[in-house]
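Enquirer: Below you will find the structure I want to go over with you.
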There are 2 protein chains.
Amino acid sequence: MPCEQCPLRGMSGFRDFTDQELRFVSSFKRGELVAEAGSTILSEGAHSPHLYTVLSGWAFRFKTLPDGRRQILNYLLPGDLLGLQGSIMGEMEHSVEALTTVVLCVFQRDKLDSLFEGYPGLGFDVTWLAAREERMLDEHLLSVGRRTAVERAAYLLAFLHSRAEALGKISYKSLHIPVTQQHVADTLGLSIVHTNKTLRKLAERGLIQWLDRSCEIVDAEGLRALADWEKPKERKRPLI
Amino acid sequence: MPCEQCPLRGMSGFRDFTDQELRFVSSFKRGELVAEAGSTILSEGAHSPHLYTVLSGWAFRFKTLPDGRRQILNYLLPGDLLGLQGSIMGEMEHSVEALTTVVLCVFQRDKLDSLFEGYPGLGFDVTWLAAREERMLDEHLLSVGRRTAVERAAYLLAFLHSRAEALGKISYKSLHIPVTQQHVADTLGLSIVHTNKTLRKLAERGLIQWLDRSCEIVDAEGLRALADWEKPKERKRPLI
DNA sequence: CGTTAGATTGACCGTCCTCAAGAAGTGTGG
DNA sequence: CCACACTTCTTGAGGACGGTCAATCTAACG
């Protein structure tokens, strides 16, 4: 049974809930939160009492060094869980900021225990999402550690394209990635100047087109080939 | 009640099992596996039918690009879970290699469902461990993306020291980290030559001492200061 | 119409890489 | 016991990749 309460209902490949689970998820919910583009959703060090699911929009997780250097860790798209680390470890170790207007579904953190107790299927789903996040971080780390600037940029854009595409049929009309070159730089571990020159090379090759504050993917296959990266096969995934 | 079957029993800060859980974990177990230093425990692409816990020794997780460039993602120490990604996503996306002789506790993958169903506390623990791994990867990514070579090396060694120390009272006599400079290079995303020169600087500052195939931490506090990194407060942690 | 954020470009410089060679330690076989 | 291969660590030289500084351009916005 598709989740009636959820704007994501009917998304292909997503998990359906049983009636029982549906009732629980419903009681677990505490409403919605809307974050404007550029606003901070969660801050490092916060003891947030909530757990969130992204319903729509783009956001990103990041950490900063004391002197201000920033590293973007991953991007959040509809269906992604947010604040699990804070819920489980007690304190957020990273911050989250909205790239576009983001709508979040708010859950009560203290009900997480009863989720595991009463609804093992949902508990497994949370773990599934955590394992998926880990897999993405593994890939980012490989990229930042071992790829050249051009390869890194190609990988990142192919990766984001692939994620958006998996949701795209219903949530997005065009696959424009809503980031500035500063975001790309902070994701790749490069300076903004070098990032600009690198993106320019990709544009000259006809792989992308840079628009104002966003990137249009022209040739996703070409980007993947350049980065020597394979798109993960999207299979049925859970959704809380 | 401490886990009687487990060599790690009695380790301070570790979770105790209830009688019921203990019986389940016992039935979950399929025996032990010993891997020699340098041997591959799991390979990328493998559909491993098992899930493992490290009982003793050091190992590391890594990914490689098609042309051979290697990135070490994280290190595995006693108490760490191994193969969860494979269990949940179906296929391993990284490889695991032993640094020293490693003893693993082997679990049946297909019992993972019944773990979540019958033992929510244990299910929660698995998620706890996944969230912890994610936190470590976040830190590594920040380091590789935004720290300088010297800072990166200092962070890595302080990090490994901190992890070993948390287990050290009982498992290790000395805190020698069993890696070659090639391992350090592949973790930091640097060449072996530059890694050598960087480690040399740390040694000249009296922070470490490089021995044959291992590193002795002389001044952990100094390393942390150099990397501007804070040791995570170790709290009670679960263990499966 | 000035202000601001983002994108762009050139010049110069430093970090880090590659190539190359050698030293020291370990294991193997003759 | 020695010769040889192999791995790990070390060091120097030259060059490429990417960083910093600085100036310019554009579009959006009040």
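So you can find residues: chains in the structure tokens are A, B, ... in the order shown, residues in each start at 1, and ligands are numbered from 1 in order.
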Which neighbours of Leu42 (chain A) fall inside 10 Å, counting only C-alpha atoms (C1' of nucleotides), when residues of the same chain fewer than 5 positions from it are skipped, and could you give them as a ChimeraX atom specification?
Expert: /A:47-48,61,82-83,86,92-98
Enquirer: Starting from chain B, keep only residues with some atom at most 10 Å from an atom of chain D, counting only C-alpha atoms (C1' of nucleotides), and report them as a ChimeraX atom specification.
Expert: /B:180-182,193,196-197,200,210-213
Enquirer: Give me, as a Markdown table, each residue of chain C that comes within 8 Å of chain A, together with its shortest interatomic pair and the distance in Å at one decimal, counting only C-alpha atoms (C1' of nucleotides), with rows ordered by chain and rising residue number.
Expert:
| residue | atom | partner | partner_atom | distance |
| --- | --- | --- | --- | --- |
| C:DG6 | C1' | A:Arg213 | CA | 7.5 |
| C:DA7 | C1' | A:Asn196 | CA | 7.7 |
| C:DT8 | C1' | A:Asn196 | CA | 7.6 |
Enquirer: Go ahead and write the residues just picked, N, CA and C atoms (P, O5', C5', C4', C3', O3' and C1' of nucleotides), as a CSV table (one decimal), in the first residue's frame.
Expert:
chain,number,residue,atom,x,y,z
C,6,DG,P,26.5,33.5,-4.4
C,6,DG,O5',26.9,33.4,-5.9
C,6,DG,C5',25.9,33.3,-6.9
C,6,DG,C4',26.6,33.5,-8.3
C,6,DG,C3',27.6,32.4,-8.6
C,6,DG,O3',27.2,31.7,-9.7
C,6,DG,C1',28.4,34.6,-9.2
C,7,DA,P,28.2,30.5,-10.3
C,7,DA,O5',29.0,31.2,-11.4
C,7,DA,C5',28.3,31.8,-12.5
C,7,DA,C4',29.3,32.5,-13.4
C,7,DA,C3',30.4,31.6,-14.0
C,7,DA,O3',30.4,31.7,-15.4
C,7,DA,C1',31.3,33.6,-13.1
C,8,DT,P,31.4,30.8,-16.3
C,8,DT,O5',32.7,31.8,-16.5
C,8,DT,C5',32.5,33.0,-17.1
C,8,DT,C4',33.8,33.8,-17.1
C,8,DT,C3',35.0,32.9,-17.5
C,8,DT,O3',35.4,33.5,-18.8
C,8,DT,C1',35.5,34.4,-15.7
Enquirer: Considering only C-alpha atoms, extract the chain A residues located within 8 Å of chain B and return them as a PyMOL selection string.
Expert: chain A and resi 63-66+69-73+84-85+88-89+93+113+116-117+119-121+123-124+126-128+130-135+137-138+140-142+144-146+187-190+228
Enquirer: Using only C-alpha atoms (C1' of nucleotides), which protein or nucleic acid residues come within 8 Å of Thr101 (chain A)? Drop anything in the same chain fewer than 5 positions from it, and give the result as a PyMOL selection string.
Expert: chain A and resi 34-37+56-58
Enquirer: What residues in region 115-193 of chain B get the DSSP label alpha helix (DSSP H)? Please answer as a PyMOL selection string.
Expert: chain B and resi 115-118+120-146+149-171+181-188+192-193
Enquirer: So the first atom is CA of Gly68 (chain B) and the second is CA of Leu199 (chain B); what is the distance between them in Å, to one decimal place?
Expert: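 The value is 23.9 Å.
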Enquirer: For the strand (DSSP E) assignment from backbone DSSP, which residues of region 61-225 of chain A qualify? Please present them as number ranges by chain.
Expert: A: 61-64, 70-76, 81-82, 95-98, 102-108, 176-177, 208-211, 214-217
Enquirer: Any chance you could export the current selection's N, CA, C and O atoms as a short mmCIF file (atom, residue, chain, number, x, y, z; two decimals), in the first residue's frame?
Expert:
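To be explicit, this is the file written out as part.cif:
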data_model
loop_
_atom_site.label_atom_id
_atom_site.label_comp_id
_atom_site.auth_asym_id
_atom_site.auth_seq_id
_atom_site.Cartn_x
_atom_site.Cartn_y
_atom_site.Cartn_z
N ARG A 61 24.87 18.28 2.89
CA ARG A 61 25.53 18.10 4.19
C ARG A 61 26.96 18.59 4.06
O ARG A 61 27.60 18.36 3.04
N PHE A 62 27.48 19.25 5.08
CA PHE A 62 28.88 19.68 5.01
C PHE A 62 29.50 19.79 6.40
O PHE A 62 28.80 19.83 7.41
N LYS A 63 30.81 19.78 6.41
CA LYS A 63 31.59 20.01 7.62
C LYS A 63 32.55 21.16 7.34
O LYS A 63 32.94 21.36 6.20
N THR A 64 32.94 21.88 8.38
CA THR A 64 33.94 22.93 8.19
C THR A 64 35.06 22.76 9.20
O THR A 64 34.85 22.27 10.31
N ARG A 70 35.59 24.58 3.99
CA ARG A 70 34.36 23.80 3.99
C ARG A 70 34.44 22.60 3.05
O ARG A 70 34.97 22.71 1.95
N GLN A 71 33.91 21.48 3.49
CA GLN A 71 33.82 20.30 2.63
C GLN A 71 32.39 19.83 2.57
O GLN A 71 31.78 19.52 3.60
N ILE A 72 31.82 19.78 1.36
CA ILE A 72 30.49 19.23 1.19
C ILE A 72 30.61 17.72 1.14
O ILE A 72 31.45 17.18 0.42
N LEU A 73 29.79 17.04 1.94
CA LEU A 73 29.91 15.60 2.11
C LEU A 73 29.00 14.83 1.16
O LEU A 73 29.39 13.82 0.59
N ASN A 74 27.79 15.32 1.02
CA ASN A 74 26.84 14.67 0.12
C ASN A 74 25.63 15.57 -0.07
O ASN A 74 25.47 16.55 0.65
N TYR A 75 24.82 15.22 -1.06
CA TYR A 75 23.62 16.00 -1.35
C TYR A 75 22.39 15.22 -0.92
O TYR A 75 22.39 13.99 -0.93
N LEU A 76 21.36 15.96 -0.53
CA LEU A 76 20.12 15.34 -0.07
C LEU A 76 19.01 15.61 -1.07
O LEU A 76 18.78 16.77 -1.45
N LEU A 81 17.01 10.49 4.23
CA LEU A 81 16.88 10.67 5.67
C LEU A 81 17.89 11.72 6.13
O LEU A 81 18.98 11.82 5.57
N LEU A 82 17.56 12.44 7.17
CA LEU A 82 18.39 13.55 7.62
C LEU A 82 18.32 13.62 9.14
O LEU A 82 17.24 13.58 9.71
N SER A 95 26.66 19.92 9.32
CA SER A 95 25.56 20.85 9.12
C SER A 95 24.83 20.51 7.83
O SER A 95 25.35 19.79 6.98
N VAL A 96 23.62 21.02 7.71
CA VAL A 96 22.83 20.80 6.50
C VAL A 96 22.26 22.14 6.04
O VAL A 96 21.73 22.91 6.84
N GLU A 97 22.39 22.41 4.76
CA GLU A 97 21.89 23.67 4.22
C GLU A 97 21.03 23.40 2.97
O GLU A 97 21.32 22.48 2.20
N ALA A 98 20.02 24.21 2.77
CA ALA A 98 19.12 24.04 1.64
C ALA A 98 19.68 24.71 0.39
O ALA A 98 20.20 25.81 0.44
N VAL A 102 13.21 23.65 0.43
CA VAL A 102 13.15 22.23 0.79
C VAL A 102 11.97 22.00 1.72
O VAL A 102 11.76 22.76 2.67
N VAL A 103 11.21 20.98 1.43
CA VAL A 103 10.13 20.59 2.34
C VAL A 103 10.54 19.30 3.03
O VAL A 103 10.91 18.32 2.38
N LEU A 104 10.48 19.34 4.35
CA LEU A 104 10.90 18.18 5.14
C LEU A 104 9.72 17.62 5.91
O LEU A 104 8.85 18.36 6.36
N CYS A 105 9.74 16.32 6.09
CA CYS A 105 8.76 15.67 6.95
C CYS A 105 9.45 15.47 8.29
O CYS A 105 10.54 14.89 8.36
N VAL A 106 8.87 15.97 9.36
CA VAL A 106 9.52 15.92 10.67
C VAL A 106 9.03 14.73 11.47
O VAL A 106 7.83 14.50 11.57
N PHE A 107 9.98 13.98 12.03
CA PHE A 107 9.63 12.85 12.89
C PHE A 107 10.15 13.09 14.31
O PHE A 107 11.11 13.83 14.50
N GLN A 108 9.50 12.44 15.27
CA GLN A 108 9.96 12.56 16.65
C GLN A 108 11.12 11.61 16.88
O GLN A 108 10.96 10.40 16.70
N HIS A 176 18.27 20.25 -14.21
CA HIS A 176 19.25 21.28 -13.87
C HIS A 176 19.65 21.12 -12.42
O HIS A 176 18.80 21.07 -11.54
N ILE A 177 20.96 21.04 -12.22
CA ILE A 177 21.45 20.83 -10.86
C ILE A 177 21.65 22.19 -10.20
O ILE A 177 22.45 23.00 -10.67
N ILE A 208 28.55 19.50 -20.61
CA ILE A 208 27.61 20.22 -19.75
C ILE A 208 27.41 21.63 -20.30
O ILE A 208 28.12 22.06 -21.22
N GLN A 209 26.44 22.31 -19.71
CA GLN A 209 26.30 23.73 -20.00
C GLN A 209 26.07 24.41 -18.67
O GLN A 209 25.18 24.01 -17.91
N TRP A 210 26.89 25.43 -18.37
CA TRP A 210 26.72 26.10 -17.09
C TRP A 210 25.76 27.26 -17.25
O TRP A 210 25.94 28.11 -18.12
N LEU A 211 24.73 27.25 -16.41
CA LEU A 211 23.76 28.34 -16.43
C LEU A 211 23.96 29.12 -15.14
O LEU A 211 24.82 28.79 -14.33
N SER A 214 23.31 27.09 -11.83
CA SER A 214 22.91 25.72 -12.04
C SER A 214 23.63 25.13 -13.23
O SER A 214 24.19 25.85 -14.06
N CYS A 215 23.61 23.82 -13.30
CA CYS A 215 24.34 23.11 -14.34
C CYS A 215 23.39 22.21 -15.10
O CYS A 215 22.63 21.44 -14.50
N GLU A 216 23.44 22.30 -16.40
CA GLU A 216 22.63 21.41 -17.23
C GLU A 216 23.51 20.31 -17.77
O GLU A 216 24.56 20.57 -18.37
N ILE A 217 23.09 19.08 -17.56
CA ILE A 217 23.85 17.93 -18.05
C ILE A 217 23.48 17.70 -19.51
O ILE A 217 22.33 17.38 -19.81
#
Enquirer: How far is it from CA of Arg15 (chain B) to CA of Leu239 (chain B), in Å with one decimal?
Expert: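 Between these atoms lies a distance of 5.9 Å.
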Enquirer: I'd like the interatomic distance between C1' of DT15 (chain C) and CA of Leu156 (chain A), to a tenth of an Å.
Expert: 24.1 Å
